[in-house]
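Q: Enclosed is the structure file data_25.cif (mmCIF, C-alpha atoms).
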data_run
loop_
_atom_site.label_atom_id
_atom_site.label_comp_id
_atom_site.auth_asym_id
_atom_site.auth_seq_id
_atom_site.Cartn_x
_atom_site.Cartn_y
_atom_site.Cartn_z
CA MET D 17 112.84 -120.84 -108.69
CA ILE D 18 114.42 -118.68 -105.99
CA ILE D 19 113.73 -120.03 -102.50
CA HIS D 20 114.11 -117.66 -99.55
CA ILE D 21 114.88 -119.24 -96.17
CA PHE D 22 114.05 -117.29 -93.02
CA GLU D 23 114.38 -117.92 -89.30
CA ASN D 24 111.41 -117.42 -86.97
CA ILE D 25 111.19 -113.62 -87.20
CA PRO D 26 107.87 -112.88 -88.95
CA HIS D 27 108.29 -109.10 -89.20
CA HIS D 28 111.41 -109.77 -91.27
CA TYR D 29 110.06 -112.24 -93.79
CA HIS D 30 106.69 -110.53 -94.27
CA ASN D 31 108.37 -107.23 -95.13
CA PHE D 32 111.10 -108.58 -97.38
CA ILE D 33 109.03 -111.14 -99.27
CA LYS D 34 106.58 -108.35 -100.04
CA PHE D 35 109.49 -106.31 -101.38
CA PHE D 36 110.88 -109.19 -103.46
CA VAL D 37 107.50 -110.04 -105.00
CA LYS D 38 106.55 -106.41 -105.69
CA TYR D 39 109.84 -105.28 -107.18
CA CYS D 40 111.37 -108.53 -108.50
CA GLY D 41 108.40 -110.86 -108.84
CA LEU D 42 107.40 -110.42 -112.48
CA GLU D 43 110.53 -112.03 -113.88
CA PHE D 44 111.49 -114.42 -111.07
CA GLN D 45 109.52 -117.06 -109.23
CA HIS D 46 109.82 -116.84 -105.44
CA ARG D 47 109.13 -119.42 -102.76
CA ALA D 48 109.72 -119.14 -99.01
CA TYR D 49 110.67 -121.51 -96.21
CA ILE D 50 109.93 -120.05 -92.81
CA GLU D 51 110.82 -121.50 -89.43
CA SER D 52 107.90 -122.65 -87.31
CA SER D 53 106.73 -120.47 -84.44
CA ARG D 54 105.63 -123.67 -82.64
CA ASP D 55 102.06 -122.38 -82.74
CA PRO D 56 100.06 -124.05 -85.55
CA GLU D 57 97.54 -121.20 -85.80
CA VAL D 58 100.28 -118.58 -86.08
CA ASP D 59 102.12 -120.69 -88.66
CA GLU D 60 98.97 -121.12 -90.73
CA LYS D 61 98.31 -117.38 -90.68
CA ASN D 62 101.90 -116.54 -91.69
CA VAL D 63 101.78 -119.00 -94.58
CA GLN D 64 98.43 -117.61 -95.72
CA LEU D 65 99.73 -114.03 -95.72
CA LEU D 66 102.78 -114.95 -97.79
CA ASN D 67 100.70 -117.07 -100.19
CA GLU D 68 98.44 -114.07 -100.73
CA LEU D 69 101.49 -112.17 -101.91
CA GLY D 70 101.99 -114.81 -104.58
CA CYS D 71 104.85 -116.54 -102.79
CA GLN D 72 104.36 -120.24 -102.11
CA THR D 73 105.44 -120.93 -98.55
CA ALA D 74 106.38 -123.96 -96.47
CA ILE D 75 107.05 -124.30 -92.75
CA TYR D 76 110.08 -126.12 -91.36
CA ARG D 77 110.30 -127.27 -87.73
CA ASP D 78 114.05 -127.77 -87.51
CA HIS D 79 117.23 -127.98 -89.57
CA GLN D 80 116.62 -131.63 -90.43
CA GLN D 81 113.23 -130.94 -91.98
CA LEU D 82 114.65 -127.93 -93.79
CA ILE D 83 117.34 -130.06 -95.42
CA LEU D 84 114.70 -132.56 -96.55
CA LEU D 85 112.61 -129.77 -98.10
CA MET D 86 115.65 -128.40 -99.91
CA LYS D 87 116.57 -131.81 -101.31
CA GLN D 88 113.04 -132.22 -102.71
CA GLU D 89 113.31 -129.07 -104.79
CA ASP D 90 114.10 -129.09 -108.49
CA LYS D 91 117.84 -129.11 -109.23
CA SER D 92 117.53 -125.71 -110.90
CA SER D 93 116.28 -124.02 -107.71
CA GLU D 94 118.53 -121.56 -105.88
CA PHE D 95 118.39 -121.01 -102.11
CA ILE D 96 119.01 -117.75 -100.25
CA PHE D 97 119.54 -117.92 -96.49
CA HIS D 98 118.46 -114.62 -94.98
CA SER D 99 120.63 -114.99 -91.87
CA LEU D 100 121.98 -118.40 -90.92
CA LEU D 101 122.62 -118.63 -87.21
CA ASN D 102 122.05 -122.34 -86.59
CA ARG D 103 125.41 -124.11 -86.27
CA ARG D 104 123.87 -127.56 -86.72
CA LEU D 105 122.36 -126.42 -89.99
CA TRP D 106 125.77 -125.29 -91.22
CA LEU D 107 127.07 -128.80 -90.46
CA LYS D 108 124.13 -130.51 -92.19
CA LEU D 109 124.68 -128.32 -95.25
CA LEU D 110 128.37 -129.22 -95.35
CA LEU D 111 127.45 -132.90 -95.66
CA THR D 112 125.35 -132.25 -98.81
CA ASN D 113 125.73 -130.67 -102.24
CA LEU D 114 123.21 -127.97 -101.35
CA PRO D 115 125.79 -125.19 -100.71
CA LYS D 116 126.55 -125.21 -104.45
CA ARG D 117 123.00 -123.94 -105.00
CA SER D 118 122.90 -121.64 -101.98
CA SER D 119 123.75 -118.08 -101.02
CA TRP D 120 123.96 -116.54 -97.57
CA VAL D 121 123.05 -112.99 -96.59
CA SER D 122 124.62 -112.35 -93.20
CA TRP D 123 122.48 -110.29 -90.83
CA GLY D 124 125.18 -109.82 -88.21
CA ALA D 125 124.64 -112.26 -85.36
CA ASP D 126 125.43 -115.22 -87.62
CA THR D 127 128.90 -113.74 -88.19
CA TYR D 128 129.58 -111.99 -84.89
CA GLN D 129 128.98 -115.19 -82.92
CA TYR D 130 132.60 -116.07 -83.67
CA LEU D 131 134.05 -112.91 -82.15
CA ILE D 132 134.90 -114.64 -78.91
CA LYS D 133 138.34 -114.17 -77.36
CA LYS D 134 138.53 -117.67 -75.92
CA GLN D 135 136.70 -120.24 -78.02
CA ASP D 136 136.09 -123.74 -76.73
CA MET D 137 136.49 -126.81 -78.93
CA LYS D 138 132.85 -126.83 -80.07
CA GLN D 139 133.06 -123.19 -81.12
CA CYS D 140 136.28 -123.78 -83.01
CA VAL D 141 134.74 -126.73 -84.88
CA ALA D 142 131.58 -124.73 -85.63
CA LYS D 143 133.66 -121.89 -87.05
CA LEU D 144 135.62 -124.32 -89.25
CA VAL D 145 132.40 -125.89 -90.54
CA HIS D 146 130.95 -122.45 -91.22
CA SER D 147 134.11 -121.42 -93.05
CA ILE D 148 134.23 -124.47 -95.32
CA THR D 149 130.52 -124.36 -96.11
CA CYS D 150 130.30 -120.67 -96.93
CA LYS D 151 133.31 -120.99 -99.26
CA ARG D 152 131.29 -123.51 -101.29
CA MET D 153 128.30 -121.18 -101.68
CA HIS D 154 127.51 -119.21 -104.82
CA TYR D 155 127.36 -115.85 -103.09
CA VAL D 156 127.91 -114.44 -99.63
CA LYS D 157 126.45 -111.01 -98.93
CA SER D 158 126.79 -108.58 -96.03
CA LEU D 159 124.61 -105.61 -95.13
CA ASN D 160 127.56 -103.22 -95.07
CA PRO D 161 131.22 -103.33 -96.17
CA GLY D 162 132.55 -103.56 -92.61
CA ASP D 163 130.66 -106.80 -91.97
CA GLY D 164 131.91 -108.10 -95.33
CA LYS D 165 135.52 -107.55 -94.28
CA LEU D 166 134.78 -109.33 -91.00
CA ILE D 167 133.39 -112.37 -92.82
CA SER D 168 136.54 -112.52 -94.91
CA GLN D 169 138.75 -112.24 -91.83
CA LEU D 170 136.85 -114.73 -89.68
CA LEU D 171 135.77 -117.29 -92.25
CA GLY D 172 138.20 -116.86 -95.11
CA ARG D 173 135.57 -116.19 -97.77
CA ASN D 174 137.44 -114.05 -100.32
CA LYS D 175 134.52 -112.44 -102.12
CA VAL D 176 131.78 -110.91 -99.97
CA GLU D 177 129.55 -108.35 -101.66
CA THR D 178 127.43 -105.73 -99.91
CA LEU D 179 123.68 -105.93 -100.48
CA PRO D 180 121.50 -104.02 -97.98
CA TYR D 181 117.83 -104.59 -97.36
CA PRO D 182 115.57 -101.57 -97.94
CA LEU D 183 113.42 -99.63 -95.54
CA VAL D 184 110.16 -101.39 -96.42
CA GLY D 185 106.73 -99.79 -96.52
CA VAL D 186 107.66 -96.39 -95.08
CA GLU D 187 106.78 -93.26 -97.00
CA LYS D 188 108.66 -89.99 -97.00
CA PRO D 189 107.05 -87.72 -94.37
CA GLU D 190 105.39 -84.53 -95.55
CA THR D 191 107.34 -82.41 -93.07
CA LEU D 192 110.37 -82.72 -90.83
CA SER D 193 109.00 -81.23 -87.64
CA SER D 194 111.44 -80.18 -84.91
CA LYS D 195 108.87 -80.91 -82.14
CA LYS D 196 110.76 -78.70 -79.72
CA HIS D 197 107.90 -78.15 -77.28
CA LYS D 198 106.81 -81.66 -76.42
CA VAL D 199 108.29 -84.27 -74.13
CA GLN D 200 111.50 -85.62 -75.66
CA THR D 201 110.88 -89.26 -76.45
CA ILE D 202 113.97 -91.46 -76.41
CA LEU D 203 114.02 -95.00 -77.82
CA LEU D 204 116.63 -97.33 -76.32
CA GLY D 205 117.52 -100.45 -78.32
CA ASN D 206 115.33 -102.56 -80.59
CA SER D 207 114.71 -105.86 -78.76
CA ALA D 208 115.25 -107.75 -75.51
CA ALA D 209 118.35 -109.52 -76.85
CA LYS D 210 121.35 -108.98 -74.58
CA SER D 211 123.30 -107.70 -77.58
CA ASN D 212 121.37 -104.44 -77.10
CA ASN D 213 123.46 -103.84 -73.96
CA HIS D 214 120.43 -102.48 -72.11
CA PHE D 215 122.20 -101.48 -68.92
CA GLU D 216 124.71 -99.49 -70.93
CA LEU D 217 121.81 -97.79 -72.71
CA LEU D 218 120.15 -96.82 -69.44
CA ASP D 219 123.44 -95.54 -68.09
CA SER D 220 124.05 -93.41 -71.20
CA ILE D 221 121.03 -91.18 -70.50
CA LYS D 222 120.76 -91.34 -66.72
CA HIS D 223 121.92 -87.71 -66.55
CA LEU D 224 118.58 -86.80 -68.17
CA ALA D 225 116.45 -88.52 -65.53
CA LYS D 226 115.11 -85.26 -64.08
CA GLU D 227 114.31 -83.75 -67.48
CA ASP D 228 111.04 -83.78 -69.40
CA ILE D 229 111.58 -87.09 -71.19
CA LEU D 230 109.85 -90.37 -71.98
CA VAL D 231 112.09 -93.43 -72.26
CA LEU D 232 110.83 -96.26 -74.46
CA MET D 233 112.58 -99.64 -74.50
CA PRO D 234 111.42 -102.53 -76.73
CA LEU D 235 111.61 -105.75 -74.73
CA ASN D 236 108.97 -107.67 -76.66
CA TYR D 237 111.05 -110.37 -78.31
CA ALA D 238 114.33 -112.23 -77.73
CA GLY D 239 115.91 -112.31 -74.28
CA THR D 240 114.98 -114.36 -71.23
CA GLN D 241 112.30 -113.32 -68.75
CA ASN D 242 114.79 -113.01 -65.89
CA TYR D 243 116.96 -110.70 -67.96
CA ILE D 244 113.96 -108.62 -69.07
CA ASP D 245 112.80 -108.28 -65.46
CA SER D 246 116.22 -107.08 -64.35
CA VAL D 247 116.33 -104.48 -67.13
CA ILE D 248 112.87 -103.20 -66.21
CA THR D 249 113.85 -102.97 -62.55
CA GLN D 250 116.88 -100.86 -63.44
CA GLY D 251 114.87 -98.66 -65.82
CA ASN D 252 112.26 -97.99 -63.16
CA ARG D 253 114.94 -97.27 -60.57
CA ILE D 254 116.60 -94.60 -62.70
CA PHE D 255 113.65 -93.03 -64.50
CA GLY D 256 110.54 -93.96 -62.48
CA ASN D 257 107.31 -93.48 -64.41
CA LYS D 258 109.25 -91.88 -67.29
CA PHE D 259 110.43 -95.38 -68.23
CA GLN D 260 108.08 -97.38 -70.46
CA PRO D 261 109.11 -100.90 -71.49
CA ILE D 262 107.36 -102.26 -74.59
CA LEU D 263 106.39 -105.83 -73.81
CA ASP D 264 103.72 -106.66 -76.39
CA MET D 265 104.50 -107.47 -80.00
CA LEU D 266 103.45 -104.63 -82.27
CA SER D 267 102.12 -104.75 -85.79
CA LYS D 268 104.17 -102.93 -88.41
CA THR D 269 101.65 -100.08 -88.35
CA GLU D 270 101.88 -99.83 -84.56
CA TYR D 271 105.66 -99.99 -84.63
CA ASP D 272 105.90 -97.29 -87.29
CA GLN D 273 103.61 -95.07 -85.23
CA LEU D 274 105.82 -95.60 -82.20
CA LEU D 275 108.88 -94.60 -84.23
CA ALA D 276 107.05 -91.55 -85.54
CA ASP D 277 106.66 -90.35 -81.94
CA VAL D 278 110.36 -90.85 -81.15
CA ASP D 279 112.77 -87.92 -81.18
CA ILE D 280 116.03 -89.72 -80.43
CA THR D 281 117.11 -93.34 -80.84
CA VAL D 282 120.08 -94.72 -78.91
CA PHE D 283 121.77 -98.02 -79.76
CA ALA D 284 124.57 -99.60 -77.73
CA HIS D 285 125.08 -102.66 -79.92
CA ASP D 286 128.64 -103.78 -80.46
CA ARG D 287 127.67 -104.96 -83.94
CA GLN D 288 125.41 -104.10 -86.86
CA GLN D 289 121.78 -104.40 -85.75
CA GLY D 290 118.46 -102.54 -85.85
CA LEU D 291 118.80 -101.15 -89.37
CA TYR D 292 115.05 -100.68 -89.86
CA VAL D 293 114.95 -98.26 -86.93
CA ALA D 294 118.15 -96.54 -88.04
CA TYR D 295 116.82 -95.99 -91.56
CA TYR D 296 113.51 -94.73 -90.20
CA MET D 297 115.32 -92.16 -88.06
CA MET D 298 117.27 -90.87 -91.05
CA LEU D 299 114.20 -90.62 -93.27
CA HIS D 300 112.30 -88.64 -90.63
CA GLY D 301 115.09 -86.31 -89.58
CA LYS D 302 115.49 -87.77 -86.10
CA LYS D 303 118.70 -88.16 -84.11
CA LEU D 304 120.51 -91.48 -83.95
CA PHE D 305 123.29 -92.44 -81.54
CA LEU D 306 125.51 -95.46 -82.23
CA LYS D 307 128.81 -96.79 -80.97
CA ALA D 308 131.54 -95.31 -83.14
CA SER D 309 133.26 -98.71 -83.22
CA THR D 310 130.43 -100.44 -85.11
CA SER D 311 130.36 -101.17 -88.83
CA THR D 312 126.97 -99.43 -88.96
CA PHE D 313 128.43 -96.14 -87.72
CA GLU D 314 131.35 -96.42 -90.12
CA ASN D 315 129.03 -97.20 -93.03
CA PHE D 316 126.67 -94.32 -92.27
CA LYS D 317 129.58 -91.91 -92.04
CA SER D 318 130.84 -93.11 -95.44
CA TYR D 319 127.47 -92.06 -96.90
CA GLN D 320 127.86 -88.66 -95.17
CA PHE D 321 124.90 -89.21 -92.83
CA ASP D 322 124.85 -87.02 -89.74
CA VAL D 323 124.96 -89.65 -86.99
CA HIS D 324 126.09 -89.26 -83.40
CA SER D 325 128.48 -91.23 -81.24
CA LEU D 326 127.09 -93.01 -78.18
CA GLU D 327 130.35 -92.23 -76.41
CA ASN D 328 129.48 -88.50 -76.49
CA LEU D 329 125.86 -88.80 -75.39
CA SER D 330 126.46 -88.49 -71.65
CA GLN D 331 128.17 -85.13 -72.25
CA LEU D 332 125.18 -83.57 -74.00
CA THR D 333 122.64 -81.52 -72.08
CA TYR D 334 118.89 -81.80 -72.45
CA GLU D 335 118.76 -78.51 -74.34
CA GLN D 336 121.47 -79.64 -76.74
CA LEU D 337 119.59 -82.83 -77.47
CA LYS D 338 116.41 -80.90 -78.22
CA GLN D 339 118.10 -78.75 -80.83
CA THR D 340 117.58 -79.70 -84.47
CA ASP D 341 119.38 -78.65 -87.63
CA PRO D 342 116.95 -78.51 -90.59
CA VAL D 343 119.79 -78.65 -93.12
CA LYS D 344 121.19 -81.85 -91.62
CA GLN D 345 117.70 -83.33 -91.35
CA VAL D 346 117.07 -82.82 -95.08
CA THR D 347 120.54 -84.10 -95.94
CA ASN D 348 119.97 -87.31 -93.99
CA GLN D 349 116.60 -87.78 -95.61
CA ASN D 350 117.95 -87.29 -99.14
CA ILE D 351 120.83 -89.71 -98.60
CA LEU D 352 118.40 -92.32 -97.28
CA LEU D 353 116.02 -91.85 -100.22
CA GLU D 354 118.86 -92.20 -102.71
CA ASN D 355 120.35 -95.34 -101.19
CA PHE D 356 118.10 -97.36 -98.87
CA THR D 357 114.49 -97.20 -100.06
CA GLU D 358 112.73 -100.00 -101.91
CA THR D 359 113.06 -98.14 -105.19
CA ALA D 360 116.76 -97.45 -104.61
CA LEU D 361 117.64 -101.08 -103.82
CA ALA D 362 115.25 -102.89 -106.19
CA LYS D 363 117.80 -102.81 -109.03
CA LYS D 364 120.52 -104.37 -106.87
CA TRP D 365 118.30 -107.21 -105.64
CA HIS D 366 116.94 -107.73 -109.15
CA HIS D 367 120.51 -108.00 -110.45
CA PHE D 368 121.33 -110.55 -107.73
CA PHE D 369 118.31 -112.67 -108.60
CA GLY D 370 119.27 -112.44 -112.26
CA LYS D 371 122.76 -113.81 -111.55
CA LEU D 372 121.25 -116.71 -109.59
CA SER D 373 118.90 -117.52 -112.45
CA GLN D 374 121.80 -117.62 -114.88
CA GLN D 375 123.48 -120.39 -112.88
CA HIS D 376 121.27 -122.97 -114.61
#
When written as structure tokens, how does the structure in this file appear?
A:
Amino acid sequence: MIIHIFENIPHHYHNFIKFFVKYCGLEFQHRAYIESSRDPEVDEKNVQLLNELGCQTAIYRDHQQLILLMKQEDKSSEFIFHSLLNRRLWLKLLLTNLPKRSSWVSWGADTYQYLIKKQDMKQCVAKLVHSITCKRMHYVKSLNPGDGKLISQLLGRNKVETLPYPLVGVEKPETLSSKKHKVQTILLGNSAAKSNNHFELLDSIKHLAKEDILVLMPLNYAGTQNYIDSVITQGNRIFGNKFQPILDMLSKTEYDQLLADVDITVFAHDRQQGLYVAYYMMLHGKKLFLKASTSTFENFKSYQFDVHSLENLSQLTYEQLKQTDPVKQVTNQNILLENFTETALAKKWHHFFGKLSQQH
């Protein structure tokens, strides 16, 4: 039995459990533990949807209940943590034998939380606990090689393999339209988390404020209300009615439609984040701007994707941004299809599950 453990981000576990069951479900048995949303009706619906996929699912309220659930499982079960941000959970794991049956797939924030110049005593202890525990795990995976190197540097784990998640449930578009004659729609960031560096995003395109643009900014999850309000105030100040914050949670269909209407996506993260959006842009021949210092930018360049540096964005005119290169669009799409679709990554995840099954 392979047991997938997710934090309270439903659009992550619904997509990836569907992928695991569809592409790796015939040979392996899958079960899921998902963190409670604190709303019983929402929890019940999420469990029902995952059960309908053929994946038995349990809800955990906190790290203590999660540990109890894990201890109740058969000794042959293997656990995969899809992100593991909770420092108390790392400590609880250290005090058990469960790491010997566990693997951790780092999503970014769970690793980058230790990139602090001046760590206090609690942070130093948390990092030590994290380091010891992850060294005891079967496998540690990163979403790109740069993050893998960082895990080795920060936590001392010698072997970190790269295993990306696929772009789930998105078909290849029939055409790659240039859309030169409509309002240029620019997506800034992917959530309300401060790691999006929203004020930096707004500043990066303020020179386009008088142009025919629509600025979309997802602020519908993560982040505090005071922070969200301050971002909206700044967006309205610079762009007026051209600025449109997205405050309601969207279904996957609604989110995909929003991305289909986007021409340019701009990220100002200092770390790997927002890969679903990035992959979607590549598949649909749309422009993507990232900080050149990020592992995501480095990884995309290693695949020969045509991606753009955030640092150069403020120097580009509206007309330059509207221009498209059909050859580069097709190249990006082909690279994405060959490397980051469900079909492309199914073999790698299947191989991983196979190695876990061989442990017992």
Q: Give the answer as one residue: which of D:Leu84, D:Leu224, D:Leu131, D:Val278 has the shortest atom-to-atom distance to Glu335 in chain D, using only C-alpha atoms?
A: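 Smallest separation from Glu335 in chain D among the options: D:Leu224.
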Q: Between D:Glu94, D:Asp163, D:Asp126, D:Glu270, which one has atoms that come closest to Val176 in chain D, using all atoms listed in the file?
A: D:Asp163
Q: Produce the centre coordinates and the three edge lengths, each in Å to one decimal, of the box along x, y and z that contains all listed atoms of range 139-154 of chain D with 6 Å added on each side, as lines of an AutoDock Vina configuration file.
A:
center_x = 131.9
center_y = -123.0
center_z = -93.0
size_x = 20.8
size_y = 19.5
size_z = 35.7
Q: Just say which residues the PyMOL selection byres ((chain D and resi 170) around 9) picks in this file, as a short mmCIF file (atom, residue, chain, number, x, y, z; two decimals) with C-alpha atoms, in the coordinates of the input.
A:
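Resulting contents of selection-v7.cif:
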data_model
loop_
_atom_site.label_atom_id
_atom_site.label_comp_id
_atom_site.auth_asym_id
_atom_site.auth_seq_id
_atom_site.Cartn_x
_atom_site.Cartn_y
_atom_site.Cartn_z
CA THR D 127 128.90 -113.74 -88.19
CA TYR D 130 132.60 -116.07 -83.67
CA LEU D 131 134.05 -112.91 -82.15
CA LYS D 143 133.66 -121.89 -87.05
CA SER D 147 134.11 -121.42 -93.05
CA LYS D 165 135.52 -107.55 -94.28
CA LEU D 166 134.78 -109.33 -91.00
CA ILE D 167 133.39 -112.37 -92.82
CA SER D 168 136.54 -112.52 -94.91
CA GLN D 169 138.75 -112.24 -91.83
CA LEU D 171 135.77 -117.29 -92.25
CA GLY D 172 138.20 -116.86 -95.11
CA ARG D 173 135.57 -116.19 -97.77
#
Q: Using only C-alpha atoms, which residues sit within 12 Å of Asp272 in chain D once same-chain residues fewer than 3 positions away are excluded, as a PDB file with C-alpha atoms, in the frame of the given file?
A:
ATOM      1  CA  LEU D 183     113.420 -99.630 -95.540  1.00  0.00           C
ATOM      2  CA  VAL D 184     110.160-101.390 -96.420  1.00  0.00           C
ATOM      3  CA  GLY D 185     106.730 -99.790 -96.520  1.00  0.00           C
ATOM      4  CA  VAL D 186     107.660 -96.390 -95.080  1.00  0.00           C
ATOM      5  CA  GLU D 187     106.780 -93.260 -97.000  1.00  0.00           C
ATOM      6  CA  PRO D 189     107.050 -87.720 -94.370  1.00  0.00           C
ATOM      7  CA  LEU D 266     103.450-104.630 -82.270  1.00  0.00           C
ATOM      8  CA  SER D 267     102.120-104.750 -85.790  1.00  0.00           C
ATOM      9  CA  LYS D 268     104.170-102.930 -88.410  1.00  0.00           C
ATOM     10  CA  THR D 269     101.650-100.080 -88.350  1.00  0.00           C
ATOM     11  CA  LEU D 275     108.880 -94.600 -84.230  1.00  0.00           C
ATOM     12  CA  ALA D 276     107.050 -91.550 -85.540  1.00  0.00           C
ATOM     13  CA  ASP D 277     106.660 -90.350 -81.940  1.00  0.00           C
ATOM     14  CA  VAL D 278     110.360 -90.850 -81.150  1.00  0.00           C
ATOM     15  CA  TYR D 292     115.050-100.680 -89.860  1.00  0.00           C
ATOM     16  CA  VAL D 293     114.950 -98.260 -86.930  1.00  0.00           C
ATOM     17  CA  TYR D 295     116.820 -95.990 -91.560  1.00  0.00           C
ATOM     18  CA  TYR D 296     113.510 -94.730 -90.200  1.00  0.00           C
ATOM     19  CA  MET D 297     115.320 -92.160 -88.060  1.00  0.00           C
ATOM     20  CA  HIS D 300     112.300 -88.640 -90.630  1.00  0.00           C
TER      21      HIS D 300
END
Q: Find the residues near range 249-252 of chain D: any atom within 10 Å, counting all atoms listed in the file, skip ones fewer than 2 places away on the same chain, and give them as a list in words.
A: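 Non-adjacent residues within range: His214, Phe215, Leu217, Leu218, Asp219, Lys222, Val231, Leu232, Met233, Tyr243, Ile244, Asp245, Ser246, Val247, Ile254, Phe255, Gly256, Asn257, Lys258, Phe259, Gln260 and Pro261 of chain D.
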Q: Smallest atom-to-atom distance to Arg54 in chain D: which of D:Asn67, D:His27, D:Asp78, D:His285, using all atoms listed in the file?
A: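 Among D:Asn67, D:His27, D:Asp78, D:His285, it is D:Asp78 that comes nearest to Arg54 in chain D.
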